[in-house]
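Enquirer: Structure file protein-v4.cif, mmCIF, C-alpha atoms, is pasted below:
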data_work
loop_
_atom_site.label_atom_id
_atom_site.label_comp_id
_atom_site.auth_asym_id
_atom_site.auth_seq_id
_atom_site.Cartn_x
_atom_site.Cartn_y
_atom_site.Cartn_z
CA THR S 269 90.34 95.46 137.17
CA ASN S 270 88.04 97.81 139.14
CA LEU S 271 90.73 99.15 141.46
CA ASN S 272 89.30 101.14 144.37
CA THR S 273 91.38 103.07 146.90
CA THR S 274 91.49 106.52 148.52
CA TYR S 275 95.31 106.63 148.82
CA PRO S 276 97.15 104.74 146.01
CA GLY S 277 100.55 105.25 147.65
CA ASP S 278 99.68 102.67 150.34
CA MET S 279 99.55 99.82 147.78
CA ASP S 280 102.29 97.31 147.01
CA TRP S 281 101.77 94.61 144.32
CA LEU S 282 103.88 91.46 143.84
CA LEU S 283 103.66 89.06 140.88
CA VAL S 284 105.12 85.55 141.25
CA GLY S 285 105.75 83.43 138.14
CA PRO S 286 105.73 79.64 137.54
CA GLY S 287 109.49 79.49 138.08
CA GLY S 288 109.36 81.29 141.41
CA GLN S 289 110.32 84.68 139.97
CA LYS S 290 109.20 87.54 142.25
CA PHE S 291 108.58 91.01 140.84
CA ILE S 292 107.23 94.10 142.63
CA PHE S 293 105.75 95.82 139.61
CA MET S 294 103.73 98.52 141.42
CA SER S 295 104.47 100.14 144.77
CA ASP S 296 104.11 103.53 146.49
CA VAL S 297 102.70 105.29 143.42
CA ILE S 298 100.66 108.49 143.82
CA SER S 299 101.28 109.12 147.49
CA ALA S 300 98.30 111.41 147.88
CA PHE S 301 94.60 111.29 148.70
CA THR S 302 93.61 110.72 145.08
CA THR S 303 90.60 108.42 145.11
CA GLN S 304 90.51 105.73 142.43
CA THR S 305 87.07 104.35 141.59
CA ASN S 306 86.78 101.21 139.47
CA ALA S 307 90.03 102.04 137.68
CA VAL S 308 91.14 99.65 134.95
CA VAL S 309 94.93 99.67 135.10
CA THR S 310 97.18 98.09 132.46
CA ILE S 311 100.86 97.67 133.31
CA LYS S 312 103.27 96.64 130.57
CA ASP S 313 106.91 97.14 129.65
CA ASP S 314 106.23 99.07 126.45
CA ALA S 315 103.83 101.62 127.93
CA ALA S 316 104.74 105.26 127.42
CA THR S 317 105.57 106.28 131.01
CA VAL S 318 105.84 105.23 134.64
CA MET S 319 103.15 106.08 137.18
CA PRO S 320 103.79 109.32 139.09
CA ASP S 321 104.72 109.28 142.77
CA VAL S 322 102.41 112.18 143.71
CA GLY S 323 99.59 114.19 142.21
CA ALA S 324 95.92 113.99 141.36
CA VAL S 325 96.17 111.30 138.69
CA ASN S 326 93.56 108.83 137.42
CA LEU S 327 95.22 105.41 137.05
CA ASN S 328 92.93 104.34 134.20
CA GLY S 329 95.18 103.53 131.25
CA SER S 330 98.55 101.91 130.49
CA TRP S 331 101.70 102.39 132.57
CA LYS S 332 105.20 101.01 132.85
CA PRO S 333 105.98 98.91 135.96
CA THR S 334 106.67 101.43 138.76
CA ASN S 335 108.12 101.04 142.27
CA TYR S 336 109.10 104.05 144.38
CA GLY S 337 109.97 102.08 147.54
CA ALA S 338 112.57 99.30 147.51
CA ALA S 339 112.51 96.33 149.93
CA ASP S 340 108.78 96.40 150.60
CA PRO S 341 107.82 93.44 152.85
CA PHE S 342 105.08 90.90 152.05
CA ALA S 343 103.66 88.60 154.73
CA ALA S 344 102.68 84.96 154.16
CA PRO S 345 101.18 83.45 152.16
CA ALA S 346 103.34 85.53 149.79
CA PRO S 347 106.83 84.08 149.31
CA ALA S 348 109.69 85.68 151.21
CA GLY S 349 112.11 88.05 149.51
CA PRO S 350 114.35 89.07 148.00
CA TYR S 351 112.19 90.60 145.30
CA GLN S 352 113.07 92.33 142.07
CA ASP S 353 112.00 95.95 141.90
CA ALA S 354 110.69 97.99 139.00
CA ALA S 355 112.12 101.44 138.31
CA PRO S 356 112.92 103.84 139.86
CA ALA S 357 113.65 101.71 142.96
CA GLY S 358 115.21 99.07 140.71
CA SER S 359 115.55 98.28 137.02
CA ALA S 360 113.52 95.08 136.59
CA THR S 361 110.87 94.68 133.89
CA PHE S 362 108.38 91.93 133.10
CA ALA S 363 110.69 90.73 130.32
CA SER S 364 113.83 90.73 132.47
CA VAL S 365 112.13 88.86 135.33
CA PHE S 366 109.94 86.38 133.48
CA GLY S 367 111.62 86.15 130.08
CA THR S 368 110.05 86.09 126.63
CA ASP S 369 110.02 82.36 125.92
CA GLY S 370 106.40 81.30 125.51
CA ALA S 371 107.15 77.75 126.70
CA THR S 372 108.21 78.97 130.16
CA MET S 373 105.01 80.92 130.72
CA ASN S 374 102.88 77.84 131.35
CA GLY S 375 102.07 77.15 134.99
CA THR S 376 100.74 78.89 138.07
CA TRP S 377 100.93 82.66 138.45
CA SER S 378 100.15 84.39 141.74
CA LEU S 379 99.36 88.01 142.58
CA TYR S 380 99.81 89.42 146.10
CA GLY S 381 98.73 92.84 147.27
CA VAL S 382 99.40 94.78 150.48
CA ASP S 383 97.88 98.00 151.80
CA ASP S 384 100.65 98.94 154.21
CA VAL S 385 98.90 101.78 156.09
CA SER S 386 95.81 101.33 158.23
CA GLY S 387 92.74 103.49 157.83
CA ASP S 388 91.63 102.56 154.31
CA VAL S 389 91.44 99.45 152.17
CA ALA S 390 92.35 98.93 148.50
CA THR S 391 90.30 96.42 146.51
CA ILE S 392 90.18 94.91 143.02
CA THR S 393 87.56 92.64 141.47
CA GLY S 394 89.91 90.72 139.17
CA TRP S 395 93.17 90.56 137.26
CA LYS S 396 94.57 88.90 134.16
CA LEU S 397 97.85 88.33 132.37
CA THR S 398 98.41 88.81 128.64
CA PHE S 399 101.54 87.07 127.32
CA GLU S 400 103.42 88.68 124.47
CA ALA S 401 106.24 86.20 123.87
CA ASN S 402 108.65 87.01 121.03
CA ASP S 403 109.29 83.44 119.92
CA PHE S 404 106.30 83.07 117.63
CA VAL S 405 106.99 83.52 113.92
CA CYS S 406 104.18 84.03 111.44
CA THR S 407 104.92 83.15 107.85
CA THR S 408 102.90 83.25 104.67
CA ALA S 409 103.97 80.82 102.00
CA VAL S 410 104.62 82.45 98.64
CA LYS S 411 103.00 80.27 95.99
CA SER S 412 104.81 80.59 92.68
CA ARG S 413 104.36 79.13 89.23
CA ALA S 414 106.56 76.19 88.28
CA ASP S 415 107.93 75.95 91.83
CA PHE S 416 108.88 72.29 92.05
CA ASP S 417 110.83 72.47 95.33
CA GLY S 418 108.32 74.63 97.21
CA ASP S 419 110.66 77.50 98.14
CA GLY S 420 108.39 80.22 96.74
CA LYS S 421 110.50 80.78 93.63
CA THR S 422 109.75 79.86 90.03
CA ASP S 423 112.27 77.28 88.82
CA LEU S 424 113.99 77.24 85.44
CA SER S 425 112.38 74.18 83.89
CA VAL S 426 111.81 72.70 80.44
CA PHE S 427 110.00 69.74 78.88
CA ARG S 428 111.86 67.87 76.16
CA PRO S 429 109.26 66.34 73.81
CA SER S 430 111.71 63.98 72.14
CA GLU S 431 112.33 62.26 75.50
CA GLY S 432 109.24 62.99 77.57
CA ASN S 433 111.54 64.39 80.27
CA TRP S 434 111.01 67.39 82.55
CA TYR S 435 114.37 69.02 83.28
CA LEU S 436 114.50 71.16 86.40
CA ASN S 437 117.03 73.71 87.61
CA GLN S 438 115.44 74.25 91.01
CA SER S 439 116.33 77.35 92.98
CA THR S 440 116.86 75.35 96.19
CA ALA S 441 116.84 71.63 95.39
CA GLY S 442 119.08 71.93 92.33
CA PHE S 443 119.03 69.79 89.20
CA GLY S 444 116.40 67.15 88.60
CA VAL S 445 114.94 65.07 85.77
CA VAL S 446 111.52 63.40 85.70
CA ASN S 447 110.12 61.35 82.84
CA TRP S 448 106.43 62.14 82.49
CA GLY S 449 104.57 62.46 79.21
CA ILE S 450 104.93 62.09 75.47
CA SER S 451 105.71 64.54 72.70
CA THR S 452 102.08 65.38 71.85
CA ASP S 453 100.93 66.06 75.42
CA VAL S 454 99.79 69.48 76.60
CA LEU S 455 101.70 70.49 79.72
CA THR S 456 99.41 71.29 82.66
CA PRO S 457 101.62 71.78 85.75
CA GLY S 458 99.92 72.82 88.97
CA ASP S 459 99.77 72.20 92.71
CA PHE S 460 97.03 69.60 92.87
CA ASN S 461 97.57 68.44 96.47
CA GLY S 462 98.17 71.79 98.16
CA ASP S 463 101.75 71.23 99.36
CA ASN S 464 103.06 74.39 97.62
CA LYS S 465 105.08 72.28 95.20
CA THR S 466 104.28 72.12 91.51
CA ASP S 467 103.23 68.68 90.31
CA PHE S 468 104.03 67.13 86.94
CA ALA S 469 100.88 66.90 84.83
CA VAL S 470 99.86 66.55 81.19
CA PHE S 471 96.61 66.62 79.22
CA ARG S 472 96.12 63.89 76.63
CA ALA S 473 92.55 63.88 75.38
CA ASN S 474 91.17 60.36 75.01
CA ALA S 475 87.95 59.54 73.21
CA ASP S 476 87.47 56.59 75.57
CA SER S 477 85.71 57.99 78.66
CA THR S 478 87.04 55.12 80.75
CA GLN S 479 90.61 56.27 80.16
CA PRO S 480 92.35 59.30 81.70
CA ASP S 481 92.72 62.62 79.95
CA PHE S 482 94.93 64.11 82.66
CA TYR S 483 97.97 62.31 84.05
CA ILE S 484 99.38 63.71 87.31
CA LEU S 485 102.54 62.87 89.23
CA ASN S 486 102.55 64.54 92.66
CA THR S 487 105.95 66.01 93.47
CA GLY S 488 105.92 65.61 97.25
CA THR S 489 104.41 62.11 97.47
CA SER S 490 105.36 60.61 94.08
CA THR S 491 101.78 59.35 93.79
CA VAL S 492 100.25 58.92 90.34
CA SER S 493 96.69 59.70 89.33
CA GLY S 494 94.72 59.71 86.13
CA VAL S 495 91.56 61.74 85.62
CA SER S 496 89.02 61.43 82.85
CA TRP S 497 87.97 65.03 82.20
CA GLY S 498 87.75 66.54 78.76
CA VAL S 499 87.50 65.78 75.09
CA ALA S 500 89.62 66.47 72.04
CA GLY S 501 89.73 70.19 71.29
CA ASP S 502 89.35 71.25 74.93
CA ILE S 503 91.78 73.85 76.29
CA PRO S 504 93.04 73.10 79.81
CA VAL S 505 93.05 76.04 82.27
CA ILE S 506 94.67 74.87 85.50
CA ARG S 507 93.91 77.19 88.41
CA ASP S 508 92.40 77.13 91.90
CA PHE S 509 88.75 77.93 91.21
CA ASP S 510 87.34 76.93 94.62
CA GLY S 511 89.88 78.67 96.87
CA ASP S 512 91.18 75.64 98.77
CA ALA S 513 94.84 76.23 97.82
CA LYS S 514 94.74 73.31 95.38
CA ASP S 515 94.63 73.68 91.63
CA ASP S 516 91.52 72.32 89.95
CA ILE S 517 91.28 70.40 86.69
CA THR S 518 89.43 72.73 84.33
CA VAL S 519 88.90 72.82 80.59
CA PHE S 520 87.34 75.38 78.28
CA ARG S 521 85.43 73.84 75.38
CA PRO S 522 85.47 76.12 72.30
CA SER S 523 82.79 74.06 70.59
CA ASN S 524 80.17 75.31 73.07
CA ASN S 525 82.09 78.07 74.93
CA THR S 526 81.68 76.29 78.25
CA TRP S 527 83.98 75.89 81.25
CA TYR S 528 84.09 72.49 83.00
CA THR S 529 85.73 72.38 86.43
CA LEU S 530 86.41 69.31 88.57
CA LYS S 531 86.86 70.91 91.98
CA SER S 532 89.46 69.53 94.38
CA SER S 533 87.10 70.36 97.25
CA GLY S 534 84.42 68.16 95.69
CA GLY S 535 81.81 68.53 93.00
CA ILE S 536 81.85 69.96 89.50
CA THR S 537 80.84 73.22 87.89
CA VAL S 538 79.73 73.74 84.31
CA THR S 539 79.49 77.37 83.21
CA ALA S 540 78.76 78.80 79.78
CA PHE S 541 80.96 81.86 79.41
CA GLY S 542 82.49 83.13 76.19
CA GLN S 543 81.86 83.09 72.49
CA ALA S 544 83.48 81.78 69.32
CA GLY S 545 87.06 82.97 68.94
CA ASP S 546 87.60 83.80 72.61
CA VAL S 547 90.88 82.85 74.31
CA PRO S 548 90.39 81.38 77.81
CA VAL S 549 92.57 82.95 80.49
CA GLY S 550 93.44 81.72 83.97
CA GLY S 551 93.91 84.20 86.81
CA ASP S 552 92.62 85.60 90.10
CA PHE S 553 91.86 89.18 89.12
CA ASP S 554 89.89 90.20 92.23
CA GLY S 555 92.27 88.74 94.82
CA ASP S 556 89.80 86.53 96.67
CA GLY S 557 91.92 83.40 96.34
CA LYS S 558 89.72 81.95 93.60
CA ALA S 559 90.42 82.01 89.88
CA ASP S 560 87.95 83.96 87.75
CA LEU S 561 86.40 82.80 84.49
CA THR S 562 88.09 85.09 81.97
CA VAL S 563 88.29 85.32 78.20
CA TYR S 564 90.27 87.56 75.87
CA ARG S 565 88.28 88.90 72.93
CA SER S 566 89.92 91.14 70.33
CA GLY S 567 91.75 93.37 72.78
CA THR S 568 89.28 93.12 75.68
CA TRP S 569 89.66 91.04 78.83
CA ILE S 570 86.23 89.94 80.06
CA SER S 571 85.95 88.37 83.52
CA GLN S 572 83.16 86.83 85.55
CA LEU S 573 84.61 87.55 88.99
CA SER S 574 84.30 84.84 91.61
CA GLY S 575 83.84 87.49 94.30
CA GLY S 576 80.86 88.92 92.42
CA GLY S 577 80.36 91.17 89.45
CA SER S 578 82.26 91.35 86.20
CA SER S 579 85.18 93.16 84.65
CA ASN S 580 85.94 94.45 81.16
CA ILE S 581 89.43 95.80 80.51
CA VAL S 582 90.74 96.93 77.15
CA LEU S 583 94.40 96.10 76.58
CA GLY S 584 95.90 94.37 73.58
CA ALA S 585 96.27 94.23 69.82
CA ALA S 586 96.65 91.62 67.11
CA GLY S 587 99.85 89.61 67.58
CA ASP S 588 100.16 90.23 71.33
CA VAL S 589 100.87 87.33 73.68
CA LEU S 590 98.80 87.25 76.88
CA VAL S 591 100.88 87.13 80.07
CA PRO S 592 98.58 87.70 83.07
CA ALA S 593 100.41 87.50 86.40
CA ASP S 594 100.79 89.38 89.68
CA TYR S 595 103.49 91.92 88.81
CA ASP S 596 102.78 94.37 91.65
CA GLY S 597 102.54 91.87 94.50
CA ASP S 598 99.00 92.63 95.68
CA ASN S 599 97.79 89.03 95.31
CA LYS S 600 95.73 89.97 92.28
CA ASP S 601 96.69 88.94 88.77
CA ASP S 602 97.27 91.87 86.46
CA VAL S 603 96.01 92.11 82.90
CA ALA S 604 99.21 92.02 80.85
CA LEU S 605 100.62 91.22 77.44
CA PHE S 606 103.93 90.78 75.65
CA ARG S 607 104.24 92.48 72.26
CA PRO S 608 106.80 90.59 70.14
CA SER S 609 106.99 93.34 67.50
CA THR S 610 108.49 95.77 70.03
CA GLY S 611 109.74 93.45 72.79
CA GLN S 612 107.58 95.33 75.28
CA TRP S 613 105.56 94.11 78.26
CA TRP S 614 102.36 96.05 78.79
CA VAL S 615 100.92 95.68 82.30
CA ARG S 616 97.77 97.18 83.76
CA LYS S 617 98.43 97.14 87.50
CA SER S 618 95.56 96.11 89.73
CA THR S 619 96.86 98.34 92.54
CA ASP S 620 96.08 101.64 90.78
CA ALA S 621 94.82 100.75 87.27
CA SER S 622 97.88 102.41 85.71
CA THR S 623 99.47 100.88 82.62
CA THR S 624 103.22 100.49 82.21
CA ALA S 625 105.37 99.46 79.27
CA THR S 626 108.71 97.73 79.87
CA ASN S 627 111.24 96.69 77.24
CA TRP S 628 112.40 93.13 77.83
CA GLY S 629 112.79 90.73 74.95
CA THR S 630 112.78 90.55 71.17
CA SER S 631 110.63 89.08 68.44
CA GLY S 632 110.69 85.27 68.68
CA ASP S 633 111.15 85.18 72.44
CA ILE S 634 108.79 83.04 74.50
CA PRO S 635 107.43 84.96 77.51
CA VAL S 636 107.73 82.99 80.77
CA PRO S 637 106.62 85.24 83.65
CA GLY S 638 107.11 83.94 87.17
CA ASP S 639 108.43 84.90 90.59
CA TYR S 640 112.06 83.95 90.12
CA ASP S 641 113.39 85.78 93.20
CA GLY S 642 110.59 84.86 95.62
CA ASP S 643 109.56 88.39 96.57
CA GLY S 644 105.87 87.87 95.91
CA LYS S 645 105.93 89.71 92.59
CA ASP S 646 106.03 88.01 89.21
CA ASP S 647 108.97 89.00 87.02
CA TYR S 648 109.36 89.75 83.32
CA ALA S 649 111.15 86.81 81.72
CA VAL S 650 111.69 85.31 78.28
CA TYR S 651 113.03 81.99 77.00
CA ARG S 652 115.25 82.24 73.93
CA ASN S 653 116.71 79.08 72.38
CA GLY S 654 117.86 77.59 75.68
CA GLN S 655 118.59 80.91 77.38
CA TRP S 656 116.53 82.45 80.17
CA TRP S 657 116.52 86.22 80.37
CA LEU S 658 115.05 87.35 83.69
CA LEU S 659 114.26 90.89 84.84
CA ARG S 660 113.63 90.19 88.52
CA SER S 661 111.68 92.76 90.52
CA THR S 662 114.06 92.60 93.49
CA SER S 663 117.23 90.79 92.39
CA GLY S 664 117.68 92.51 89.04
CA ALA S 665 118.51 91.21 85.58
CA VAL S 666 120.25 87.92 84.85
CA ALA S 667 120.70 85.56 81.91
CA THR S 668 121.09 81.81 82.37
CA ASN S 669 121.56 78.88 79.99
CA PHE S 670 119.26 75.94 80.66
CA GLY S 671 117.61 73.85 77.98
CA LEU S 672 117.62 73.40 74.21
CA GLY S 673 116.01 75.41 71.48
CA THR S 674 113.43 72.67 70.90
CA ASP S 675 112.48 72.39 74.57
CA LYS S 676 109.23 73.76 75.94
CA ALA S 677 109.68 76.23 78.79
CA ILE S 678 107.36 74.99 81.54
CA PRO S 679 106.43 78.43 83.01
CA LYS S 680 104.89 79.24 79.61
CA SER S 681 102.18 76.69 80.44
CA TYR S 682 100.64 79.15 82.90
CA VAL S 683 99.75 81.73 80.23
CA PRO S 684 97.67 81.27 77.05
#
Translate this structure into structure tokens?
Expert:
Amino acid sequence: TNLNTTYPGDMDWLLVGPGGQKFIFMSDVISAFTTQTNAVVTIKDDAATVMPDVGAVNLNGSWKPTNYGAADPFAAPAPAGPYQDAAPAGSATFASVFGTDGATMNGTWSLYGVDDVSGDVATITGWKLTFEANDFVCTTAVKSRADFDGDGKTDLSVFRPSEGNWYLNQSTAGFGVVNWGISTDVLTPGDFNGDNKTDFAVFRANADSTQPDFYILNTGTSTVSGVSWGVAGDIPVIRDFDGDAKDDITVFRPSNNTWYTLKSSGGITVTAFGQAGDVPVGGDFDGDGKADLTVYRSGTWISQLSGGGSSNIVLGAAGDVLVPADYDGDNKDDVALFRPSTGQWWVRKSTDASTTATNWGTSGDIPVPGDYDGDGKDDYAVYRNGQWWLLRSTSGAVATNFGLGTDKAIPKSYVP
């Protein structure tokens, strides 16, 4: 920083790493009376070009390591040679000398400079190192519906009312069976502890306020909890309404058109939103990580957006099945429906507000959208008498047998 010199070609610079590595990264550049005043010089392997050996050049900017004179000497206290030279005198780079393993970059670094011709003096006011190791991996967990093994893919899964068993064909963990619930329960799967694994949960309204209405079995910890929240006639809408990556216990009460949310982050919210005949819908339609209060009313989707404002989208007709999900992978749920009379999926994409129609299914199919191939986009899928027909956005179409005709497909629990 703030390099000052009247003749840059007199300067030699040596960097010594924690492991004793010795690299002459700048030497004998611009051998001419080209005054540098408070130049800020950045030297890095991926810069566009080396520094020139002559010419009237301002060193402000980014340059590759450059050494035009091999075997330059450095007096004590600098360590004795041999040194590794940058091009063109040699072929060394920062990466070849010091490596790219972040763990080896801890320790003491030393910089030595020499002005090897008398008559002028080169000065700097400071220097710093920026490490760009290549051993750091950033990942974003894909959170999918009915993902019991936490691999980012929706699992083929059914609930068998006659037994109270959840049968799982997990995409990574394989087959599993869990007994949780009775035949009259409403399935309410969700990730209630934020471990990216779907938990087993059911809603069983109890008139006794001292008894649970929700029964939850956490997948990762096998812990059991019961929560008193709701009354008979309530419609559970399990989503993350407070944005803490944990699903919240929420019910919509048709008798007074009010939403009741028990937030996992603490506290409760009670919001009147809707009118008689509305269908409550769960989804994050503005992509802020929080579910929006949404109702479907005679072909119109009406949302009170958690990020502010509201939304009214017209899409739907009598007999349609609502299937909101993120089909375009932009982290916003799309307004969508399945039309049994034609076997078509109608999706209004949040990316560009265009509407598409895709044929996948027949009358009598149960729509079960989910991200079955883990690409961050929900897929068109139907459950048909024990068969799963999947049109995956990346992996293509496939049909798989898993379940009985009387089973309840668990991914269906995520749509009205």
Enquirer: Taking the file as shown, find all residues satisfying the PyMOL selection byres ((chain S and resi 409-421) around 7) and write them as a PyMOL selection string.
Expert: chain S and resi 407-408+422-423+438-441+464-467+638-642+644+678-679
Enquirer: Mind checking which residues fall within 7 Å of segment 604-608 of chain S, counting all atoms listed in the file, ignoring those fewer than 3 positions away in the same chain, and posting them as number ranges by chain?
Expert: S: 584, 588-592, 611-616, 630-632
Enquirer: Selected by the PyMOL selection byres ((chain S and resi 677) around 7) in the shown coordinates: which residues, as number ranges by chain?
Expert: S: 425-427, 651, 675-676, 678-680
Enquirer: Looking at all atoms listed in the file, which of S:Gly567, S:Pro457, S:Gly442, S:Gly358 is the one that sits closest to Val582 of chain S?
Expert: S:Gly567
Enquirer: Quick one: residues within 8 Å of Val445 of chain S, only C-alpha atoms, excluding same-chain residues fewer than 5 positions away - as a list in words?
Expert: Asn433, Trp434, Tyr435 and Leu436 of chain S
Enquirer: Those same residues, written as a short mmCIF file (atom, residue, chain, number, x, y, z; two decimals), in the coordinates of the input with C-alpha atoms?
Expert:
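The resulting file, result.cif, is shown below:
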data_model
loop_
_atom_site.label_atom_id
_atom_site.label_comp_id
_atom_site.auth_asym_id
_atom_site.auth_seq_id
_atom_site.Cartn_x
_atom_site.Cartn_y
_atom_site.Cartn_z
CA ASN S 433 111.54 64.39 80.27
CA TRP S 434 111.01 67.39 82.55
CA TYR S 435 114.37 69.02 83.28
CA LEU S 436 114.50 71.16 86.40
#
Enquirer: So which residues touch Gly542 of chain S within 12 Å, counting all atoms listed in the file, skipping near sequence neighbours fewer than 2 positions away, as a list of chain:residue names?
Expert: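 Skipping anything fewer than 2 positions along the chain leaves S:Phe520, S:Arg521, S:Pro522, S:Ser523, S:Asn524, S:Asn525, S:Thr526, S:Trp527, S:Thr539, S:Ala540, S:Ala544, S:Gly545, S:Asp546, S:Val547, S:Pro548, S:Val549, S:Leu561, S:Thr562, S:Val563, S:Tyr564, S:Arg565, S:Trp569, S:Ile570, S:Ser571, S:Gln572.
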Enquirer: Measure the distance from atom CA of Gly323 of chain S to atom CA of Asp353 of chain S in Å and round it to one decimal.
Expert: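 So the answer is 22.1 Å.
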Enquirer: Using the structure block above, produce a file of segment 604-620 of chain S that contains N, CA and C atoms, as an mmCIF file, in the first residue's frame.
Expert:
data_model
loop_
_atom_site.group_PDB
_atom_site.id
_atom_site.type_symbol
_atom_site.label_atom_id
_atom_site.label_comp_id
_atom_site.auth_asym_id
_atom_site.auth_seq_id
_atom_site.Cartn_x
_atom_site.Cartn_y
_atom_site.Cartn_z
ATOM 1 N N ALA S 604 -50.772 -23.024 -8.581
ATOM 2 C CA ALA S 604 -50.882 -24.160 -9.497
ATOM 3 C C ALA S 604 -52.094 -25.016 -9.146
ATOM 4 N N LEU S 605 -52.572 -25.739 -10.134
ATOM 5 C CA LEU S 605 -53.706 -26.633 -9.917
ATOM 6 C C LEU S 605 -53.610 -27.851 -10.826
ATOM 7 N N PHE S 606 -54.247 -28.917 -10.384
ATOM 8 C CA PHE S 606 -54.387 -30.133 -11.180
ATOM 9 C C PHE S 606 -55.851 -30.270 -11.568
ATOM 10 N N ARG S 607 -56.108 -30.463 -12.870
ATOM 11 C CA ARG S 607 -57.474 -30.545 -13.368
ATOM 12 C C ARG S 607 -57.790 -32.000 -13.723
ATOM 13 N N PRO S 608 -58.484 -32.720 -12.838
ATOM 14 C CA PRO S 608 -58.747 -34.146 -13.080
ATOM 15 C C PRO S 608 -59.480 -34.433 -14.389
ATOM 16 N N SER S 609 -60.335 -33.521 -14.828
ATOM 17 C CA SER S 609 -61.129 -33.782 -16.033
ATOM 18 C C SER S 609 -60.266 -33.896 -17.282
ATOM 19 N N THR S 610 -59.091 -33.258 -17.274
ATOM 20 C CA THR S 610 -58.208 -33.310 -18.441
ATOM 21 C C THR S 610 -56.844 -33.928 -18.121
ATOM 22 N N GLY S 611 -56.556 -34.150 -16.839
ATOM 23 C CA GLY S 611 -55.246 -34.671 -16.451
ATOM 24 C C GLY S 611 -54.136 -33.651 -16.622
ATOM 25 N N GLN S 612 -54.499 -32.375 -16.616
ATOM 26 C CA GLN S 612 -53.507 -31.322 -16.832
ATOM 27 C C GLN S 612 -53.121 -30.616 -15.535
ATOM 28 N N TRP S 613 -51.846 -30.203 -15.500
ATOM 29 C CA TRP S 613 -51.326 -29.346 -14.430
ATOM 30 C C TRP S 613 -51.197 -27.934 -14.993
ATOM 31 N N TRP S 614 -51.847 -27.006 -14.357
ATOM 32 C CA TRP S 614 -51.771 -25.603 -14.743
ATOM 33 C C TRP S 614 -50.924 -24.872 -13.700
ATOM 34 N N VAL S 615 -49.840 -24.252 -14.160
ATOM 35 C CA VAL S 615 -48.891 -23.600 -13.257
ATOM 36 C C VAL S 615 -48.645 -22.166 -13.716
ATOM 37 N N ARG S 616 -48.830 -21.232 -12.808
ATOM 38 C CA ARG S 616 -48.439 -19.847 -13.060
ATOM 39 C C ARG S 616 -47.073 -19.634 -12.412
ATOM 40 N N LYS S 617 -46.044 -19.511 -13.224
ATOM 41 C CA LYS S 617 -44.679 -19.436 -12.715
ATOM 42 C C LYS S 617 -44.405 -18.068 -12.089
ATOM 43 N N SER S 618 -43.796 -18.092 -10.918
ATOM 44 C CA SER S 618 -43.473 -16.841 -10.237
ATOM 45 C C SER S 618 -42.304 -16.122 -10.894
ATOM 46 N N THR S 619 -41.500 -16.846 -11.695
ATOM 47 C CA THR S 619 -40.347 -16.215 -12.338
ATOM 48 C C THR S 619 -40.757 -15.173 -13.373
ATOM 49 N N ASP S 620 -41.805 -15.466 -14.166
ATOM 50 C CA ASP S 620 -42.181 -14.539 -15.238
ATOM 51 C C ASP S 620 -43.689 -14.365 -15.396
#
